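Source file: data_30.cif; contents: mmCIF, C-alpha atoms.
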data_start
#
loop_
_atom_site.label_atom_id
_atom_site.label_comp_id
_atom_site.auth_asym_id
_atom_site.auth_seq_id
_atom_site.Cartn_x
_atom_site.Cartn_y
_atom_site.Cartn_z
CA MET A 280 92.27 108.65 111.93
CA ALA A 281 95.69 109.15 110.39
CA LEU A 282 97.01 106.64 107.90
CA PRO A 283 100.26 104.78 108.65
CA SER A 284 103.34 106.81 107.78
CA GLU A 285 104.66 106.56 104.24
CA LYS A 286 107.99 105.34 105.65
CA THR A 287 106.28 102.48 107.49
CA LEU A 288 104.41 101.48 104.32
CA LEU A 289 107.60 101.83 102.25
CA ASP A 290 109.45 99.48 104.63
CA ILE A 291 106.65 96.90 104.38
CA ALA A 292 106.52 97.22 100.58
CA THR A 293 110.32 96.86 100.35
CA GLU A 294 110.26 93.59 102.29
CA THR A 295 107.22 92.28 100.41
CA GLY A 296 108.69 93.02 96.97
CA ARG A 297 111.95 91.06 97.39
CA PRO A 298 110.69 87.69 96.03
CA TRP A 299 109.78 89.37 92.73
CA GLY A 300 112.93 91.50 92.49
CA LEU A 301 110.77 94.60 92.89
CA PHE A 302 111.50 97.53 95.12
CA PRO A 303 109.39 100.59 95.81
CA LEU A 304 110.67 103.95 94.67
CA ARG A 305 108.07 105.75 96.76
CA VAL A 306 104.78 105.40 98.59
CA LYS A 307 102.12 108.10 98.67
CA THR A 308 99.06 108.15 100.89
CA VAL A 309 95.98 110.31 100.41
CA GLU A 310 93.22 110.46 102.99
CA ALA A 311 89.94 110.76 101.11
CA GLY A 312 86.74 110.07 103.00
CA PRO A 313 85.83 106.44 103.63
CA HIS A 314 88.46 104.94 101.34
CA SER A 315 91.90 106.45 101.44
CA THR A 316 94.42 105.66 98.72
CA VAL A 317 97.85 104.11 99.12
CA THR A 318 99.92 104.38 95.93
CA VAL A 319 103.14 102.37 95.61
CA ILE A 320 105.49 102.95 92.67
CA VAL A 321 107.76 99.92 92.15
CA ASP A 322 110.70 99.26 89.88
CA SER A 323 113.30 96.57 89.26
CA GLU A 324 116.77 96.47 87.80
CA SER A 325 115.34 95.09 84.56
CA ASP A 326 112.01 96.10 83.06
CA PRO A 327 109.39 95.19 85.67
CA ASP A 328 107.33 92.18 84.62
CA ILE A 329 103.60 92.97 84.64
CA ASP A 330 102.75 89.56 86.14
CA ALA A 331 105.27 90.09 88.93
CA VAL A 332 103.79 93.53 89.65
CA GLY A 333 100.31 91.97 89.85
CA GLU A 334 101.48 89.21 92.20
CA PHE A 335 103.31 91.78 94.34
CA SER A 336 100.18 93.93 94.50
CA THR A 337 98.10 90.98 95.74
CA ALA A 338 100.74 89.99 98.30
CA LEU A 339 101.15 93.57 99.56
CA SER A 340 97.39 93.93 99.98
CA GLN A 341 97.35 90.71 101.99
CA VAL A 342 100.22 91.91 104.21
CA PHE A 343 98.49 95.26 104.82
CA ASP A 344 95.21 93.47 105.64
CA GLU A 345 96.96 91.06 108.05
CA LYS A 346 98.76 93.93 109.79
CA GLU A 347 95.49 95.82 110.06
CA ALA A 348 93.70 92.75 111.51
CA SER A 349 96.47 92.40 114.14
CA LYS A 350 96.21 96.16 114.89
CA GLU A 351 99.81 96.83 113.76
CA LEU A 352 98.41 99.23 111.13
CA SER A 353 95.18 101.16 110.83
CA PHE A 354 93.77 102.46 107.59
CA GLY A 355 90.62 103.80 109.22
CA ALA A 356 87.47 102.98 107.27
CA GLY A 357 89.47 101.32 104.49
CA TYR A 358 91.89 101.97 101.68
CA ASN A 359 92.43 101.44 97.99
CA LEU A 360 95.85 100.11 97.02
CA GLU A 361 97.33 101.25 93.71
CA VAL A 362 100.58 99.67 92.52
CA SER A 363 102.28 101.00 89.42
CA THR A 364 105.64 101.24 87.71
CA PRO A 365 107.41 104.54 86.99
CA GLY A 366 106.40 106.41 83.87
CA ILE A 367 108.60 107.71 81.10
CA ASP A 368 108.90 111.00 83.01
CA GLU A 369 110.52 109.32 86.04
CA PRO A 370 113.89 111.02 86.68
CA LEU A 371 116.96 108.81 86.34
CA THR A 372 118.41 108.67 89.84
CA ARG A 373 119.96 105.20 90.10
CA PRO A 374 122.68 103.52 88.01
CA TYR A 375 120.42 100.68 86.79
CA GLN A 376 118.07 103.28 85.26
CA TRP A 377 120.91 104.68 83.17
CA ALA A 378 121.95 101.20 82.04
CA ARG A 379 118.38 100.20 81.19
CA ASN A 380 117.91 103.31 79.02
CA ARG A 381 121.18 103.02 77.11
CA GLY A 382 120.84 104.35 73.58
CA ARG A 383 117.90 106.62 74.42
CA ALA A 384 117.83 110.41 74.32
CA VAL A 385 117.89 112.10 77.71
CA SER A 386 117.53 115.67 78.95
CA VAL A 387 120.31 116.21 81.50
CA THR A 388 120.88 119.09 83.87
CA LEU A 389 124.40 119.04 85.26
CA LYS A 390 125.26 121.01 88.40
CA GLY A 391 125.46 124.70 87.56
CA GLN A 392 124.43 124.22 83.92
CA GLU A 393 121.34 124.52 81.76
CA PRO A 394 119.57 121.34 80.58
CA ALA A 395 120.97 119.74 77.42
CA THR A 396 119.95 116.72 75.36
CA TYR A 397 122.30 113.76 75.04
CA ARG A 398 122.13 110.07 74.19
CA ILE A 399 122.94 107.59 76.94
CA GLY A 400 126.03 105.46 76.41
CA ALA A 401 127.78 102.91 78.60
CA LEU A 402 127.79 102.98 82.37
CA SER A 403 131.17 102.61 84.05
CA PRO A 404 131.95 99.24 85.70
CA GLU A 405 131.86 101.05 89.07
CA GLU A 406 128.41 102.42 88.13
CA ASP A 407 129.41 105.95 89.13
CA ARG A 408 129.93 107.50 85.65
CA VAL A 409 128.08 107.40 82.36
CA VAL A 410 128.99 108.20 78.76
CA LEU A 411 126.80 110.91 77.25
CA ILE A 412 126.77 111.34 73.48
CA TYR A 413 126.05 114.53 71.59
CA SER A 414 126.39 115.74 68.01
CA GLU A 415 128.48 118.69 66.92
CA GLY A 416 128.83 120.38 63.56
CA THR A 417 126.69 121.68 60.74
CA LYS A 418 123.66 119.94 59.27
CA GLY A 419 124.82 117.14 56.99
CA ASN A 420 128.25 117.10 58.64
CA LYS A 421 127.47 116.33 62.28
CA LYS A 422 129.96 114.27 64.26
CA ALA A 423 128.96 112.23 67.30
CA LYS A 424 131.12 112.95 70.32
CA LYS A 425 131.11 111.66 73.86
CA THR A 426 131.68 113.03 77.29
CA ILE A 427 131.91 111.14 80.57
CA VAL A 428 129.88 112.48 83.46
CA ALA A 429 129.94 111.51 87.14
CA LEU A 430 126.42 110.56 88.22
CA HIS A 431 126.77 112.72 91.34
CA ASP A 432 127.12 115.75 89.02
CA VAL A 433 123.69 115.13 87.49
CA GLU A 434 121.03 117.32 89.08
CA ARG A 435 118.21 115.95 86.94
CA ALA A 436 117.88 113.56 84.01
CA VAL A 437 114.70 112.48 82.21
CA VAL A 438 114.38 110.26 79.14
CA GLU A 439 113.14 112.13 76.07
CA ILE A 440 110.51 110.66 73.77
CA GLU A 441 111.83 110.30 70.22
CA PHE A 442 109.72 109.79 67.13
CA ASN A 443 112.46 109.65 64.48
CA GLY A 444 114.97 107.38 66.20
CA ALA A 445 118.60 108.03 66.91
CA PRO A 446 121.05 109.28 64.29
CA LYS A 447 123.18 106.31 63.21
CA ASN A 448 126.47 107.81 64.41
CA GLU A 449 125.03 108.49 67.89
CA ALA A 450 123.37 105.07 68.08
CA ALA A 451 126.64 103.33 67.20
CA LEU A 452 128.63 105.33 69.76
CA SER A 453 126.03 104.63 72.47
CA GLN A 454 126.67 100.89 72.13
CA GLU A 455 130.44 101.05 72.53
CA PRO A 456 131.93 99.76 75.79
CA PHE A 457 132.86 102.18 78.54
CA GLU A 458 136.25 103.77 77.86
CA GLU A 459 137.77 106.90 79.27
#
Turn the structure described in the file into structure tokens.
Amino acid sequence: MALPSEKTLLDIATETGRPWGLFPLRVKTVEAGPHSTVTVIVDSESDPDIDAVGEFSTALSQVFDEKEASKELSFGAGYNLEVSTPGIDEPLTRPYQWARNRGRAVSVTLKGQEPATYRIGALSPEEDRVVLIYSEGTKGNKKAKKTIVALHDVERAVVEIEFNGAPKNEAALSQEPFEE
């Protein structure tokens, strides 16, 4: 028996997550013998609270079970529900993700260009542009500079893991308010 569509489950998860300020980024289903798996990746505009994610997971499981009991949904022989938050490798696709990662290094691929590493600065008040910071110059004489990029021009952006921290000049520029 086929599992419910991912869109149907996404709609249910979206409605269920509202009280906790959580929203699903995606739902994935995998049919696997007697217990299929339903994976829901949730996020929020601030860092998702682990307790809220746990409460959401319990509530979503109850909703799925109630809908299965009333024959609105069918998971066949059963299912395992996995609820998680996005990992560090989650692409930045929404304005709140850019704002939440301000000051961090990011690999950005702009339309028609090769990937480059920047530091995330301020998001525009309209949430449609972001300041990206980069360093230019020779070692020991690098200057932090900024460029403003329209979010619709970003093909892909992923936060980079840093072990040494940001250079002071880049860190300072990343905290400045949005200015053209």
task: Starting from the displayed file, determine the output of the PyMOL selection byres ((chain A and resi 394) around 12) and express the residue list as number ranges by chain.
output: A: 385-393, 395-397, 433-437
Selected residues written out with C-alpha atoms, as a PDB file, in the frame of the given file:
ATOM      1  CA  VAL A 385     117.890 112.100  77.710  1.00  0.00           C
ATOM      2  CA  SER A 386     117.530 115.670  78.950  1.00  0.00           C
ATOM      3  CA  VAL A 387     120.310 116.210  81.500  1.00  0.00           C
ATOM      4  CA  THR A 388     120.880 119.090  83.870  1.00  0.00           C
ATOM      5  CA  LEU A 389     124.400 119.040  85.260  1.00  0.00           C
ATOM      6  CA  LYS A 390     125.260 121.010  88.400  1.00  0.00           C
ATOM      7  CA  GLY A 391     125.460 124.700  87.560  1.00  0.00           C
ATOM      8  CA  GLN A 392     124.430 124.220  83.920  1.00  0.00           C
ATOM      9  CA  GLU A 393     121.340 124.520  81.760  1.00  0.00           C
ATOM     10  CA  ALA A 395     120.970 119.740  77.420  1.00  0.00           C
ATOM     11  CA  THR A 396     119.950 116.720  75.360  1.00  0.00           C
ATOM     12  CA  TYR A 397     122.300 113.760  75.040  1.00  0.00           C
ATOM     13  CA  VAL A 433     123.690 115.130  87.490  1.00  0.00           C
ATOM     14  CA  GLU A 434     121.030 117.320  89.080  1.00  0.00           C
ATOM     15  CA  ARG A 435     118.210 115.950  86.940  1.00  0.00           C
ATOM     16  CA  ALA A 436     117.880 113.560  84.010  1.00  0.00           C
ATOM     17  CA  VAL A 437     114.700 112.480  82.210  1.00  0.00           C
TER      18      VAL A 437
END
message: I'd like to know which of A:Lys447, A:Val362, A:Glu458, A:Pro283 is closest to Glu347 of chain A, using all atoms listed in the file.
response: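 Of all the options, A:Pro283 lies closest to Glu347 of chain A.
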Using all atoms listed in the file, which residues sit within 8 Å of Tyr413 of chain A once same-chain residues fewer than 3 positions away are excluded, as an mmCIF file with C-alpha atoms, in the coordinates of the input?
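Okay, part27.cif is ready:
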data_model
loop_
_atom_site.group_PDB
_atom_site.id
_atom_site.type_symbol
_atom_site.label_atom_id
_atom_site.label_comp_id
_atom_site.auth_asym_id
_atom_site.auth_seq_id
_atom_site.Cartn_x
_atom_site.Cartn_y
_atom_site.Cartn_z
ATOM 1 C CA THR A 396 119.950 116.720 75.360
ATOM 2 C CA TYR A 397 122.300 113.760 75.040
ATOM 3 C CA ARG A 398 122.130 110.070 74.190
ATOM 4 C CA ALA A 423 128.960 112.230 67.300
ATOM 5 C CA LYS A 424 131.120 112.950 70.320
ATOM 6 C CA LYS A 425 131.110 111.660 73.860
ATOM 7 C CA GLU A 449 125.030 108.490 67.890
#
Which residues of segment 327-390 of chain A come within 12 Å of segment 306-316 of chain A, and what is each one's closest atom pair and distance in Å (one decimal), counting all atoms listed in the file, sorted by chain and residue number, as CSV?
residue,atom,partner,partner_atom,distance
A:Ser353,CA,A:Ser315,CA,11.3
A:Phe354,CA,A:Ser315,CA,7.6
A:Gly355,CA,A:Pro313,CA,7.8
A:Ala356,CA,A:Pro313,CA,5.3
A:Gly357,CA,A:His314,CA,4.9
A:Tyr358,CA,A:Ser315,CA,4.5
A:Asn359,CA,A:Thr316,CA,4.7
A:Leu360,CA,A:Thr316,CA,6.0
A:Glu361,CA,A:Thr316,CA,7.3
A:Val362,CA,A:Val306,CA,9.3
A:Ser363,CA,A:Val306,CA,10.5
A:Thr364,CA,A:Val306,CA,11.7
A:Pro365,CA,A:Val306,CA,11.9
task: Could you state which residues are captured by the PyMOL selection byres ((chain A and resi 455) around 12) in this file, as a count of residues only?
output: 23
- prompt: Skipping near chain neighbours, those fewer than 3 positions away, what residues fall within 7 Å of segment 328-345 of chain A using only C-alpha atoms, listed as JSON, numbers by chain?
  reply: {"A": [292, 295, 296, 299, 348, 349, 362]}
query: Please, what distance in Å, to one decimal, runs between atom CA of Asn380 of chain A and atom CA of Ile291 of chain A?
result: 28.5 Å
- request: Figure out the distance between atom CA of Pro370 of chain A and atom CA of Phe302 of chain A, please, to one decimal in Å.
  value: 16.1 Å
field: Of the listed residues A:Leu352, A:Leu301, A:Ala384, A:Leu288, that which approaches Asn443 of chain A most closely, counting only C-alpha atoms
entry: A:Ala384
task: Go through A:Gly444, A:Pro404, A:Pro298, A:Gly366 one by one, measure the shortest atom-to-atom distance of each to Asp326 of chain A using all atoms listed in the file, and give the residue with the smallest value.
output: A:Gly366
field: Between atom CA of Pro374 of chain A and atom CA of Asp407 of chain A - distance in Å to one decimal
entry: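 Taking atom CA of Asp407 of chain A and atom CA of Pro374 of chain A, their separation equals 7.2 Å.
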- request: Might you pull out every residue within 8 Å of Leu304 of chain A, with only C-alpha atoms counted and same-chain residues fewer than 3 positions away left off, and present them as a ChimeraX atom specification?
  value: /A:319-322
task: Could you tell me which of A:Leu289, A:Ala378, A:Ser284, A:Glu351 comes closest to Ser325 of chain A if we count only C-alpha atoms?
output: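 When distances to Ser325 of chain A are compared using only C-alpha atoms, the smallest one comes from A:Ala378.
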With the input short on atoms, add N, CA and C atoms back to segment 419-454 of chain A and write it as a short mmCIF file (atom, residue, chain, number, x, y, z; two decimals), in the coordinates of the input.
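Full text of part-v3.cif as output:
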data_model
loop_
_atom_site.label_atom_id
_atom_site.label_comp_id
_atom_site.auth_asym_id
_atom_site.auth_seq_id
_atom_site.Cartn_x
_atom_site.Cartn_y
_atom_site.Cartn_z
N GLY A 419 124.21 117.94 58.06
CA GLY A 419 124.82 117.14 56.99
C GLY A 419 126.26 116.77 57.27
N ASN A 420 126.85 117.39 58.29
CA ASN A 420 128.25 117.10 58.64
C ASN A 420 128.41 117.02 60.16
N LYS A 421 127.42 116.44 60.82
CA LYS A 421 127.47 116.33 62.28
C LYS A 421 128.31 115.13 62.69
N LYS A 422 129.11 115.33 63.70
CA LYS A 422 129.96 114.27 64.26
C LYS A 422 129.45 113.95 65.67
N ALA A 423 129.35 112.66 65.95
CA ALA A 423 128.96 112.23 67.30
C ALA A 423 130.20 112.27 68.18
N LYS A 424 130.03 112.86 69.35
CA LYS A 424 131.12 112.95 70.32
C LYS A 424 130.60 112.43 71.65
N LYS A 425 131.53 112.14 72.54
CA LYS A 425 131.11 111.66 73.86
C LYS A 425 131.79 112.44 74.95
N THR A 426 131.12 112.47 76.08
CA THR A 426 131.68 113.03 77.29
C THR A 426 131.33 112.06 78.42
N ILE A 427 132.17 112.01 79.42
CA ILE A 427 131.91 111.14 80.57
C ILE A 427 131.53 112.03 81.75
N VAL A 428 130.43 111.67 82.38
CA VAL A 428 129.88 112.48 83.46
C VAL A 428 129.74 111.62 84.71
N ALA A 429 130.15 112.18 85.85
CA ALA A 429 129.94 111.51 87.14
C ALA A 429 128.45 111.63 87.49
N LEU A 430 127.84 110.53 87.90
CA LEU A 430 126.42 110.56 88.22
C LEU A 430 126.10 111.54 89.34
N HIS A 431 127.04 111.76 90.26
CA HIS A 431 126.77 112.72 91.34
C HIS A 431 126.74 114.16 90.84
N ASP A 432 127.18 114.42 89.60
CA ASP A 432 127.12 115.75 89.02
C ASP A 432 125.81 116.01 88.27
N VAL A 433 124.97 114.99 88.18
CA VAL A 433 123.69 115.13 87.49
C VAL A 433 122.64 115.61 88.49
N GLU A 434 122.10 116.80 88.22
CA GLU A 434 121.03 117.32 89.08
C GLU A 434 119.69 116.69 88.71
N ARG A 435 119.47 116.52 87.41
CA ARG A 435 118.21 115.95 86.94
C ARG A 435 118.43 115.35 85.55
N ALA A 436 117.81 114.20 85.33
CA ALA A 436 117.88 113.56 84.01
C ALA A 436 116.56 112.84 83.76
N VAL A 437 115.98 113.10 82.58
CA VAL A 437 114.70 112.48 82.21
C VAL A 437 114.80 112.03 80.76
N VAL A 438 114.37 110.81 80.50
CA VAL A 438 114.38 110.26 79.14
C VAL A 438 113.46 111.10 78.27
N GLU A 439 113.91 111.38 77.05
CA GLU A 439 113.14 112.13 76.07
C GLU A 439 112.42 111.14 75.13
N ILE A 440 111.23 111.48 74.74
CA ILE A 440 110.51 110.66 73.77
C ILE A 440 110.98 111.06 72.38
N GLU A 441 111.36 110.06 71.58
CA GLU A 441 111.83 110.30 70.22
C GLU A 441 110.89 109.64 69.23
N PHE A 442 110.59 110.35 68.16
CA PHE A 442 109.72 109.79 67.13
C PHE A 442 110.51 109.36 65.90
N ASN A 443 111.68 109.94 65.68
CA ASN A 443 112.46 109.65 64.48
C ASN A 443 113.61 108.68 64.70
N GLY A 444 113.85 108.29 65.93
CA GLY A 444 114.97 107.38 66.20
C GLY A 444 116.28 108.14 66.28
N ALA A 445 117.28 107.43 66.71
CA ALA A 445 118.60 108.03 66.91
C ALA A 445 119.36 108.15 65.60
N PRO A 446 120.14 109.22 65.43
CA PRO A 446 121.05 109.28 64.29
C PRO A 446 122.02 108.10 64.37
N LYS A 447 122.36 107.53 63.23
CA LYS A 447 123.18 106.31 63.21
C LYS A 447 124.51 106.48 63.93
N ASN A 448 125.16 107.63 63.77
CA ASN A 448 126.47 107.81 64.41
C ASN A 448 126.33 107.86 65.94
N GLU A 449 125.26 108.46 66.45
CA GLU A 449 125.03 108.49 67.89
C GLU A 449 124.65 107.11 68.41
N ALA A 450 123.80 106.42 67.66
CA ALA A 450 123.37 105.07 68.08
C ALA A 450 124.57 104.13 68.18
N ALA A 451 125.46 104.20 67.20
CA ALA A 451 126.64 103.33 67.20
C ALA A 451 127.54 103.65 68.39
N LEU A 452 127.77 104.92 68.65
CA LEU A 452 128.63 105.33 69.76
C LEU A 452 128.02 104.94 71.12
N SER A 453 126.69 104.97 71.20
CA SER A 453 126.03 104.63 72.47
C SER A 453 126.21 103.16 72.84
N GLN A 454 126.53 102.32 71.86
CA GLN A 454 126.67 100.89 72.13
C GLN A 454 128.11 100.45 72.38
#
